[in-house]
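Engineer: Questions regarding the structure given below will be posed in turn.
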Amino acid sequence: TPLYVLDEETLRANCQNYKVAFQAVFPDIRIVYASKALSVLGILQFIKEEELELDVVSGGELFLAKQAGFPGAKIWFHGNNKSETELAEALEYNVGQFVVDNVQELDLLDHLAKKANRTANIFFRMTPGIEAHTHEYIQTGQLDSKFGIHPDQIFSAIKLALEKKNVAFQGLHVHIGSQILEIKPYSVLIEIIFNTLQEIKAKLKLEIKTLNIGGGL
């Protein structure tokens with residue numbers, strides 16, 4: 001049987017390095033560990049102890065997060081094909097943030113949140129139109145990506161969310177891929193997303209407070 005050995009000291013140091021580097025510039029930064037990188041109880045418990053947040057993309061990853069005692073308020077539920085059962089389980093566990101990929105998911109989540117008598121905090125995932133310098137199979141930010149909402153449709157999606165009674169629109173999420181070794185794609189990403197934020201402010205009179213720029217670095 002394969003055996004994978006990770007050094008706890010290195011893992012914890014990496015968590016702290018991210019926190020120290022980002023919090024020096026942005027005091028309100030929230031560092032989120034993508035559980036798909038390695039979703040096992042020991043790792044999730046380290047992440048919880050280091051006071052990071054956690055993203056999950058399935059009912060299975062949510063189950064492990066619960067087993068690790070991860071607080072629901074610090075969990076982000078991602079994924080472009082969430083089932084009704086998975087969304088209902090996440091609502092029951094009081095998951096703090098839902099990253100919504102399309103308007104069909106928005107309608108379903110609003111319906112389930114109403115049944116559960118709660119309001120779900122949502123972020124829309126937008127495709128920013130960036131092809132990062134990484135393998136084509138792990139690029140996710142290009143306009144023809146299966147993930148997220150096209151920039152031309154983001155305004156109508158936000159309008160629709162604002163009309164719903166059981167979801168609370170919080171901000172935008174973007175993610176351009178994995179195993180990215182250059183900083184420049186993120187600089188381009190930030191410029192694109194801030195232009196979008198300015199358009200949202202001008203067109204919808206809405207100032208977005210929270211931005212999730214994904215991972216992959």
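Ordering of the structure tokens sets the chain letters (A, B, ...), residue numbers begin anew at 1 in every chain, and ligands are numbered from 1 in the order given.
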Neighbours of Glu53 of chain A within 9 Å (only C-alpha atoms; same-chain residues fewer than 5 positions away dropped), as a tab-separated table (two decimals) with C-alpha atoms, in the first residue's frame?
Structural biologist:
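Result file selection-v1.tsv:
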```
chain	number	residue	atom	x	y	z
A	30	ARG	CA	-9.17	35.00	5.21
A	31	ILE	CA	-6.93	32.11	4.15
A	32	VAL	CA	-8.91	29.11	2.88
A	33	TYR	CA	-7.45	25.60	2.50
A	34	ALA	CA	-8.75	23.63	-0.49
A	47	ILE	CA	-5.88	23.40	9.28
A	48	LYS	CA	-8.53	23.99	11.95
A	70	PHE	CA	-14.52	22.08	11.49
A	71	PRO	CA	-16.99	24.89	12.31
A	73	ALA	CA	-19.15	29.15	9.63
A	74	LYS	CA	-15.59	28.69	8.32
A	75	ILE	CA	-16.52	26.35	5.46
A	76	TRP	CA	-16.88	27.41	1.81
```
Engineer: Which residues are close to Leu204 of chain A, i.e. within 8 Å by only C-alpha atoms, leaving aside same-chain residues fewer than 3 positions away? Reply as a PyMOL selection string.
Structural biologist: chain A and resi 155+159+200-201
Engineer: Restricting it to all heavy atoms, dump the selection as an mmCIF file, in the first residue's frame.
Structural biologist:
```cif
data_model
loop_
_atom_site.group_PDB
_atom_site.id
_atom_site.type_symbol
_atom_site.label_atom_id
_atom_site.label_comp_id
_atom_site.auth_asym_id
_atom_site.auth_seq_id
_atom_site.Cartn_x
_atom_site.Cartn_y
_atom_site.Cartn_z
ATOM 1 N N PHE A 155 -23.975 40.447 -14.188
ATOM 2 C CA PHE A 155 -24.846 41.514 -13.689
ATOM 3 C C PHE A 155 -26.287 41.021 -13.526
ATOM 4 O O PHE A 155 -26.933 41.293 -12.517
ATOM 5 C CB PHE A 155 -24.787 42.728 -14.620
ATOM 6 C CG PHE A 155 -23.406 43.289 -14.773
ATOM 7 C CD1 PHE A 155 -22.652 43.012 -15.899
ATOM 8 C CD2 PHE A 155 -22.838 44.070 -13.780
ATOM 9 C CE1 PHE A 155 -21.366 43.509 -16.036
ATOM 10 C CE2 PHE A 155 -21.553 44.569 -13.893
ATOM 11 C CZ PHE A 155 -20.808 44.286 -15.033
ATOM 12 N N LYS A 159 -28.452 40.674 -10.016
ATOM 13 C CA LYS A 159 -29.793 41.243 -9.894
ATOM 14 C C LYS A 159 -30.781 40.196 -9.410
ATOM 15 O O LYS A 159 -31.613 40.450 -8.539
ATOM 16 C CB LYS A 159 -30.250 41.792 -11.254
ATOM 17 C CG LYS A 159 -29.739 43.164 -11.585
ATOM 18 C CD LYS A 159 -30.383 43.613 -12.915
ATOM 19 C CE LYS A 159 -29.824 44.937 -13.359
ATOM 20 N NZ LYS A 159 -30.399 45.348 -14.666
ATOM 21 N N ILE A 200 -20.042 46.959 -11.453
ATOM 22 C CA ILE A 200 -21.148 46.557 -10.579
ATOM 23 C C ILE A 200 -21.594 47.748 -9.732
ATOM 24 O O ILE A 200 -22.791 48.001 -9.566
ATOM 25 C CB ILE A 200 -20.731 45.363 -9.686
ATOM 26 C CG1 ILE A 200 -20.556 44.093 -10.549
ATOM 27 C CG2 ILE A 200 -21.749 45.120 -8.580
ATOM 28 C CD1 ILE A 200 -19.923 42.935 -9.815
ATOM 29 N N LYS A 201 -20.617 48.476 -9.210
ATOM 30 C CA LYS A 201 -20.937 49.642 -8.381
ATOM 31 C C LYS A 201 -21.691 50.694 -9.194
ATOM 32 O O LYS A 201 -22.663 51.302 -8.719
ATOM 33 C CB LYS A 201 -19.655 50.228 -7.800
ATOM 34 C CG LYS A 201 -19.891 51.333 -6.778
ATOM 35 C CD LYS A 201 -18.581 51.772 -6.137
ATOM 36 C CE LYS A 201 -18.820 52.853 -5.096
ATOM 37 N NZ LYS A 201 -17.551 53.286 -4.447
#
```
Engineer: Quick check for you: according to DSSP on this backbone, which residues of segment 70-131 of chain A are classed as alpha helix (DSSP H)? Reply as a PyMOL selection string.
Structural biologist: chain A and resi 84-92+103-115
Engineer: Write to file, as a PDB file, in the first residue's frame, the residues of the selection just made, with C-alpha atoms.
Structural biologist:
```pdb
ATOM      1  CA  GLU A  84     -29.865  18.867  -3.810  1.00  0.00           C
ATOM      2  CA  THR A  85     -28.840  16.459  -1.037  1.00  0.00           C
ATOM      3  CA  GLU A  86     -25.388  18.044  -0.701  1.00  0.00           C
ATOM      4  CA  LEU A  87     -26.819  21.566  -0.517  1.00  0.00           C
ATOM      5  CA  ALA A  88     -29.389  20.482   2.070  1.00  0.00           C
ATOM      6  CA  GLU A  89     -26.657  18.850   4.203  1.00  0.00           C
ATOM      7  CA  ALA A  90     -24.538  22.005   3.976  1.00  0.00           C
ATOM      8  CA  LEU A  91     -27.469  24.169   5.061  1.00  0.00           C
ATOM      9  CA  GLU A  92     -28.156  21.818   7.965  1.00  0.00           C
ATOM     10  CA  VAL A 103     -28.496  30.601 -11.827  1.00  0.00           C
ATOM     11  CA  GLN A 104     -30.019  27.110 -11.660  1.00  0.00           C
ATOM     12  CA  GLU A 105     -27.997  26.474  -8.499  1.00  0.00           C
ATOM     13  CA  LEU A 106     -29.054  29.888  -7.189  1.00  0.00           C
ATOM     14  CA  ASP A 107     -32.742  28.973  -7.579  1.00  0.00           C
ATOM     15  CA  LEU A 108     -32.255  25.574  -5.937  1.00  0.00           C
ATOM     16  CA  LEU A 109     -30.258  26.980  -3.017  1.00  0.00           C
ATOM     17  CA  ASP A 110     -32.834  29.711  -2.394  1.00  0.00           C
ATOM     18  CA  HIS A 111     -35.604  27.083  -2.387  1.00  0.00           C
ATOM     19  CA  LEU A 112     -33.734  24.771   0.013  1.00  0.00           C
ATOM     20  CA  ALA A 113     -32.735  27.653   2.298  1.00  0.00           C
ATOM     21  CA  LYS A 114     -36.386  28.660   2.554  1.00  0.00           C
ATOM     22  CA  LYS A 115     -37.296  25.088   3.559  1.00  0.00           C
TER      23      LYS A 115
END
```
Engineer: Which residues are close to Asn212 of chain A, i.e. within 12 Å by only C-alpha atoms, leaving aside same-chain residues fewer than 4 positions away? Reply as a VMD selection string.
Structural biologist: chain A and resid 29 to 32 55 76 78 97 to 99 122 to 126 170 to 176 189 to 190 193 to 194 208
Engineer: Store the residues picked out above in a file with N, CA, C and O atoms, as an mmCIF file, in the first residue's frame.
Structural biologist:
```cif
data_model
loop_
_atom_site.group_PDB
_atom_site.id
_atom_site.type_symbol
_atom_site.label_atom_id
_atom_site.label_comp_id
_atom_site.auth_asym_id
_atom_site.auth_seq_id
_atom_site.Cartn_x
_atom_site.Cartn_y
_atom_site.Cartn_z
ATOM 1 N N ILE A 29 -7.909 39.643 5.808
ATOM 2 C CA ILE A 29 -7.761 38.512 4.878
ATOM 3 C C ILE A 29 -8.221 37.211 5.534
ATOM 4 O O ILE A 29 -8.095 37.039 6.747
ATOM 5 N N ARG A 30 -8.782 36.342 4.725
ATOM 6 C CA ARG A 30 -9.166 35.001 5.209
ATOM 7 C C ARG A 30 -8.482 33.980 4.309
ATOM 8 O O ARG A 30 -8.674 33.965 3.095
ATOM 9 N N ILE A 31 -7.653 33.136 4.899
ATOM 10 C CA ILE A 31 -6.925 32.110 4.149
ATOM 11 C C ILE A 31 -7.757 30.830 4.172
ATOM 12 O O ILE A 31 -8.144 30.345 5.237
ATOM 13 N N VAL A 32 -8.021 30.272 2.995
ATOM 14 C CA VAL A 32 -8.910 29.108 2.881
ATOM 15 C C VAL A 32 -8.139 27.933 2.278
ATOM 16 O O VAL A 32 -7.576 28.057 1.191
ATOM 17 N N ASP A 55 -12.342 24.996 2.166
ATOM 18 C CA ASP A 55 -13.338 24.843 1.107
ATOM 19 C C ASP A 55 -13.537 23.367 0.799
ATOM 20 O O ASP A 55 -12.612 22.567 0.864
ATOM 21 N N TRP A 76 -16.418 26.917 3.103
ATOM 22 C CA TRP A 76 -16.881 27.407 1.809
ATOM 23 C C TRP A 76 -17.265 26.194 0.970
ATOM 24 O O TRP A 76 -16.456 25.281 0.809
ATOM 25 N N HIS A 78 -17.868 24.877 -2.540
ATOM 26 C CA HIS A 78 -17.648 25.121 -3.964
ATOM 27 C C HIS A 78 -18.247 23.969 -4.785
ATOM 28 O O HIS A 78 -18.850 23.054 -4.242
ATOM 29 N N GLN A 97 -20.429 29.852 3.698
ATOM 30 C CA GLN A 97 -20.367 30.467 2.383
ATOM 31 C C GLN A 97 -20.638 29.439 1.290
ATOM 32 O O GLN A 97 -20.037 28.360 1.288
ATOM 33 N N PHE A 98 -21.511 29.769 0.374
ATOM 34 C CA PHE A 98 -21.767 28.936 -0.799
ATOM 35 C C PHE A 98 -21.262 29.683 -2.032
ATOM 36 O O PHE A 98 -21.625 30.841 -2.247
ATOM 37 N N VAL A 99 -20.425 29.021 -2.816
ATOM 38 C CA VAL A 99 -19.957 29.605 -4.071
ATOM 39 C C VAL A 99 -20.838 29.051 -5.190
ATOM 40 O O VAL A 99 -20.792 27.864 -5.501
ATOM 41 N N ILE A 122 -23.951 33.841 -0.249
ATOM 42 C CA ILE A 122 -23.474 33.323 -1.533
ATOM 43 C C ILE A 122 -22.449 34.240 -2.181
ATOM 44 O O ILE A 122 -22.459 35.461 -1.999
ATOM 45 N N PHE A 123 -21.555 33.606 -2.932
ATOM 46 C CA PHE A 123 -20.615 34.274 -3.823
ATOM 47 C C PHE A 123 -20.843 33.701 -5.213
ATOM 48 O O PHE A 123 -21.041 32.492 -5.359
ATOM 49 N N PHE A 124 -20.824 34.536 -6.230
ATOM 50 C CA PHE A 124 -20.896 34.027 -7.590
ATOM 51 C C PHE A 124 -19.489 33.758 -8.104
ATOM 52 O O PHE A 124 -18.602 34.606 -7.962
ATOM 53 N N ARG A 125 -19.312 32.580 -8.698
ATOM 54 C CA ARG A 125 -18.040 32.302 -9.357
ATOM 55 C C ARG A 125 -18.105 32.843 -10.782
ATOM 56 O O ARG A 125 -18.988 32.492 -11.550
ATOM 57 N N MET A 126 -17.157 33.712 -11.111
ATOM 58 C CA MET A 126 -17.109 34.315 -12.437
ATOM 59 C C MET A 126 -15.893 33.824 -13.203
ATOM 60 O O MET A 126 -14.814 33.649 -12.619
ATOM 61 N N GLN A 170 -22.835 38.139 -1.256
ATOM 62 C CA GLN A 170 -21.704 38.681 -0.514
ATOM 63 C C GLN A 170 -20.570 39.190 -1.393
ATOM 64 O O GLN A 170 -19.845 40.103 -1.005
ATOM 65 N N GLY A 171 -20.369 38.544 -2.552
ATOM 66 C CA GLY A 171 -19.228 38.947 -3.363
ATOM 67 C C GLY A 171 -18.977 38.000 -4.510
ATOM 68 O O GLY A 171 -19.822 37.179 -4.871
ATOM 69 N N LEU A 172 -17.771 38.102 -5.077
ATOM 70 C CA LEU A 172 -17.397 37.301 -6.242
ATOM 71 C C LEU A 172 -16.254 36.354 -5.908
ATOM 72 O O LEU A 172 -15.431 36.624 -5.028
ATOM 73 N N HIS A 173 -16.224 35.250 -6.650
ATOM 74 C CA HIS A 173 -15.135 34.282 -6.556
ATOM 75 C C HIS A 173 -14.590 34.057 -7.956
ATOM 76 O O HIS A 173 -15.349 33.944 -8.917
ATOM 77 N N VAL A 174 -13.275 34.008 -8.073
ATOM 78 C CA VAL A 174 -12.629 33.657 -9.336
ATOM 79 C C VAL A 174 -11.496 32.691 -9.044
ATOM 80 O O VAL A 174 -10.914 32.702 -7.958
ATOM 81 N N HIS A 175 -11.194 31.834 -10.005
ATOM 82 C CA HIS A 175 -10.120 30.856 -9.831
ATOM 83 C C HIS A 175 -9.572 30.540 -11.215
ATOM 84 O O HIS A 175 -10.344 30.179 -12.108
ATOM 85 N N ILE A 176 -8.261 30.706 -11.408
ATOM 86 C CA ILE A 176 -7.711 30.575 -12.764
ATOM 87 C C ILE A 176 -6.964 29.272 -12.999
ATOM 88 O O ILE A 176 -6.478 29.032 -14.106
ATOM 89 N N LEU A 189 -5.501 39.138 -13.267
ATOM 90 C CA LEU A 189 -6.785 38.771 -12.664
ATOM 91 C C LEU A 189 -7.333 39.900 -11.800
ATOM 92 O O LEU A 189 -8.507 40.263 -11.903
ATOM 93 N N ILE A 190 -6.484 40.459 -10.942
ATOM 94 C CA ILE A 190 -6.926 41.528 -10.040
ATOM 95 C C ILE A 190 -7.408 42.739 -10.837
ATOM 96 O O ILE A 190 -8.422 43.359 -10.506
ATOM 97 N N ILE A 193 -10.874 41.851 -12.304
ATOM 98 C CA ILE A 193 -11.940 41.737 -11.317
ATOM 99 C C ILE A 193 -12.274 43.101 -10.710
ATOM 100 O O ILE A 193 -13.442 43.411 -10.437
ATOM 101 N N PHE A 194 -11.275 43.980 -10.554
ATOM 102 C CA PHE A 194 -11.572 45.303 -10.012
ATOM 103 C C PHE A 194 -12.333 46.162 -11.019
ATOM 104 O O PHE A 194 -13.169 46.973 -10.633
ATOM 105 N N ILE A 208 -19.258 45.793 -3.347
ATOM 106 C CA ILE A 208 -18.928 44.448 -2.872
ATOM 107 C C ILE A 208 -17.794 44.518 -1.852
ATOM 108 O O ILE A 208 -16.775 45.162 -2.087
#
```
Engineer: Please return, as a VMD selection string, all residues of segment 37-158 of chain A that DSSP assigns to strand (DSSP E) on the basis of the backbone.
Structural biologist: chain A and resid 53 to 56 75 to 77 97 to 100 120 to 125
Engineer: Next, the residues of the selection above should be written as a short mmCIF file (atom, residue, chain, number, x, y, z; two decimals), in the first residue's frame with N, CA and C atoms.
Structural biologist:
```cif
data_model
loop_
_atom_site.label_atom_id
_atom_site.label_comp_id
_atom_site.auth_asym_id
_atom_site.auth_seq_id
_atom_site.Cartn_x
_atom_site.Cartn_y
_atom_site.Cartn_z
N GLU A 53 -9.59 28.79 7.09
CA GLU A 53 -10.91 28.34 6.70
C GLU A 53 -10.76 27.19 5.72
N LEU A 54 -11.87 26.62 5.28
CA LEU A 54 -11.82 25.37 4.51
C LEU A 54 -12.80 25.42 3.36
N ASP A 55 -12.34 25.00 2.17
CA ASP A 55 -13.34 24.84 1.11
C ASP A 55 -13.54 23.37 0.80
N VAL A 56 -14.80 23.02 0.55
CA VAL A 56 -15.18 21.66 0.20
C VAL A 56 -15.94 21.69 -1.12
N ILE A 75 -16.56 27.24 6.62
CA ILE A 75 -16.52 26.35 5.46
C ILE A 75 -17.10 27.07 4.24
N TRP A 76 -16.42 26.92 3.10
CA TRP A 76 -16.88 27.41 1.81
C TRP A 76 -17.27 26.19 0.97
N PHE A 77 -18.48 26.19 0.43
CA PHE A 77 -18.93 25.06 -0.38
C PHE A 77 -18.86 25.45 -1.86
N GLN A 97 -20.43 29.85 3.70
CA GLN A 97 -20.37 30.47 2.38
C GLN A 97 -20.64 29.44 1.29
N PHE A 98 -21.51 29.77 0.37
CA PHE A 98 -21.77 28.94 -0.80
C PHE A 98 -21.26 29.68 -2.03
N VAL A 99 -20.43 29.02 -2.82
CA VAL A 99 -19.96 29.61 -4.07
C VAL A 99 -20.84 29.05 -5.19
N VAL A 100 -21.65 29.92 -5.77
CA VAL A 100 -22.68 29.51 -6.73
C VAL A 100 -22.14 29.64 -8.15
N ALA A 120 -28.75 31.81 3.12
CA ALA A 120 -27.43 31.32 2.72
C ALA A 120 -26.60 32.46 2.16
N ASN A 121 -25.38 32.62 2.67
CA ASN A 121 -24.45 33.60 2.13
C ASN A 121 -23.86 33.06 0.83
N ILE A 122 -23.95 33.84 -0.25
CA ILE A 122 -23.47 33.32 -1.53
C ILE A 122 -22.45 34.24 -2.18
N PHE A 123 -21.56 33.61 -2.93
CA PHE A 123 -20.61 34.27 -3.82
C PHE A 123 -20.84 33.70 -5.21
N PHE A 124 -20.82 34.54 -6.23
CA PHE A 124 -20.90 34.03 -7.59
C PHE A 124 -19.49 33.76 -8.10
N ARG A 125 -19.31 32.58 -8.70
CA ARG A 125 -18.04 32.30 -9.36
C ARG A 125 -18.10 32.84 -10.78
#
```
Engineer: Between A:Leu206, A:Asn80, A:Ala168, A:Arg12, which one has atoms that come closest to Ile149 of chain A, using only C-alpha atoms?
Structural biologist: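 Among the listed residues, the smallest separation from Ile149 of chain A belongs to A:Asn80.
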Engineer: For Ile183 of chain A, which residue among A:Leu217, A:Asn102, A:Val5, A:Thr127 is the nearest when counting only C-alpha atoms?
Structural biologist: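 Using only C-alpha atoms, the shortest distance to Ile183 of chain A belongs to A:Leu217.
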Engineer: Applying 10 Å and only C-alpha atoms, which residues near Lys19 of chain A remain after dropping the ones on its own chain fewer than 5 positions away? List them as a PyMOL selection string.
Structural biologist: chain A and resi 13-14+24+26-27+29-31+50-52
Engineer: Would you mind exporting the chosen residues as a tab-separated table (two decimals), in the first residue's frame, restricted to C-alpha atoms?
Structural biologist:
```tsv
chain	number	residue	atom	x	y	z
A	13	ALA	CA	4.80	26.83	8.92
A	14	ASN	CA	3.28	27.15	5.46
A	24	ALA	CA	0.60	42.42	6.87
A	26	PHE	CA	-4.80	43.10	4.37
A	27	PRO	CA	-5.77	42.73	8.06
A	29	ILE	CA	-7.76	38.51	4.88
A	30	ARG	CA	-9.17	35.00	5.21
A	31	ILE	CA	-6.93	32.11	4.15
A	50	GLU	CA	-4.00	26.94	12.48
A	51	GLU	CA	-7.29	28.91	12.25
A	52	LEU	CA	-7.61	28.76	8.49
```
Engineer: What is the atom CA of Phe46 of chain A to atom CA of Asp28 of chain A distance in Å?
Structural biologist: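 For atom CA of Phe46 of chain A relative to atom CA of Asp28 of chain A, the distance reads 21.4 Å.
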Engineer: Please determine, counting only C-alpha atoms, which residue among A:Pro151, A:Gly72, A:Gly60, A:Gly216 has the shortest atom-to-atom distance to Leu181 of chain A.
Structural biologist: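 Comparing A:Pro151, A:Gly72, A:Gly60, A:Gly216 against Leu181 of chain A, the winner is A:Gly216.
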Engineer: What does the distance from atom CA of Val95 of chain A to atom CA of Glu207 of chain A come to in Å, to one decimal?
Structural biologist: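 If I compute the distance from atom CA of Val95 of chain A to atom CA of Glu207 of chain A, I get 23.8 Å.
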Engineer: One decimal, Å: what's the distance from atom CA of Leu160 of chain A over to atom CA of Ile192 of chain A, could you say?
Structural biologist: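 About the pair atom CA of Leu160 of chain A and atom CA of Ile192 of chain A: they are 22.6 Å apart.
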Engineer: With only C-alpha atoms as the counted atoms, please give the residues lying no more than 10 Å from Gly69 of chain A, apart from itself and same-chain residues fewer than 6 positions off, as an NGL selection string.
Structural biologist: :A and (41 or 44-45 or 48 or 63)
Engineer: Create the file for the chosen residues now, containing N, CA, C and O atoms and written as a tab-separated table (two decimals), in the first residue's frame.
Structural biologist:
```
chain	number	residue	atom	x	y	z
A	41	LEU	N	-8.50	13.35	7.80
A	41	LEU	CA	-8.82	13.94	9.09
A	41	LEU	C	-7.63	14.66	9.73
A	41	LEU	O	-7.79	15.76	10.25
A	44	LEU	N	-7.02	18.04	8.07
A	44	LEU	CA	-8.10	18.99	8.35
A	44	LEU	C	-8.03	19.50	9.79
A	44	LEU	O	-8.35	20.65	10.07
A	45	GLN	N	-7.60	18.64	10.70
A	45	GLN	CA	-7.46	19.08	12.10
A	45	GLN	C	-6.32	20.08	12.25
A	45	GLN	O	-6.44	21.06	12.99
A	48	LYS	N	-7.63	23.38	10.95
A	48	LYS	CA	-8.53	23.99	11.95
A	48	LYS	C	-7.72	24.63	13.07
A	48	LYS	O	-8.00	25.76	13.49
A	63	PHE	N	-18.49	15.82	4.83
A	63	PHE	CA	-18.56	14.80	5.88
A	63	PHE	C	-17.24	14.76	6.67
A	63	PHE	O	-17.25	14.73	7.91
```
Engineer: Which one is closest to Asp7 of chain A: A:Leu197, A:Ile43, A:Leu64, A:Lys209? Count only C-alpha atoms.
Structural biologist: A:Ile43
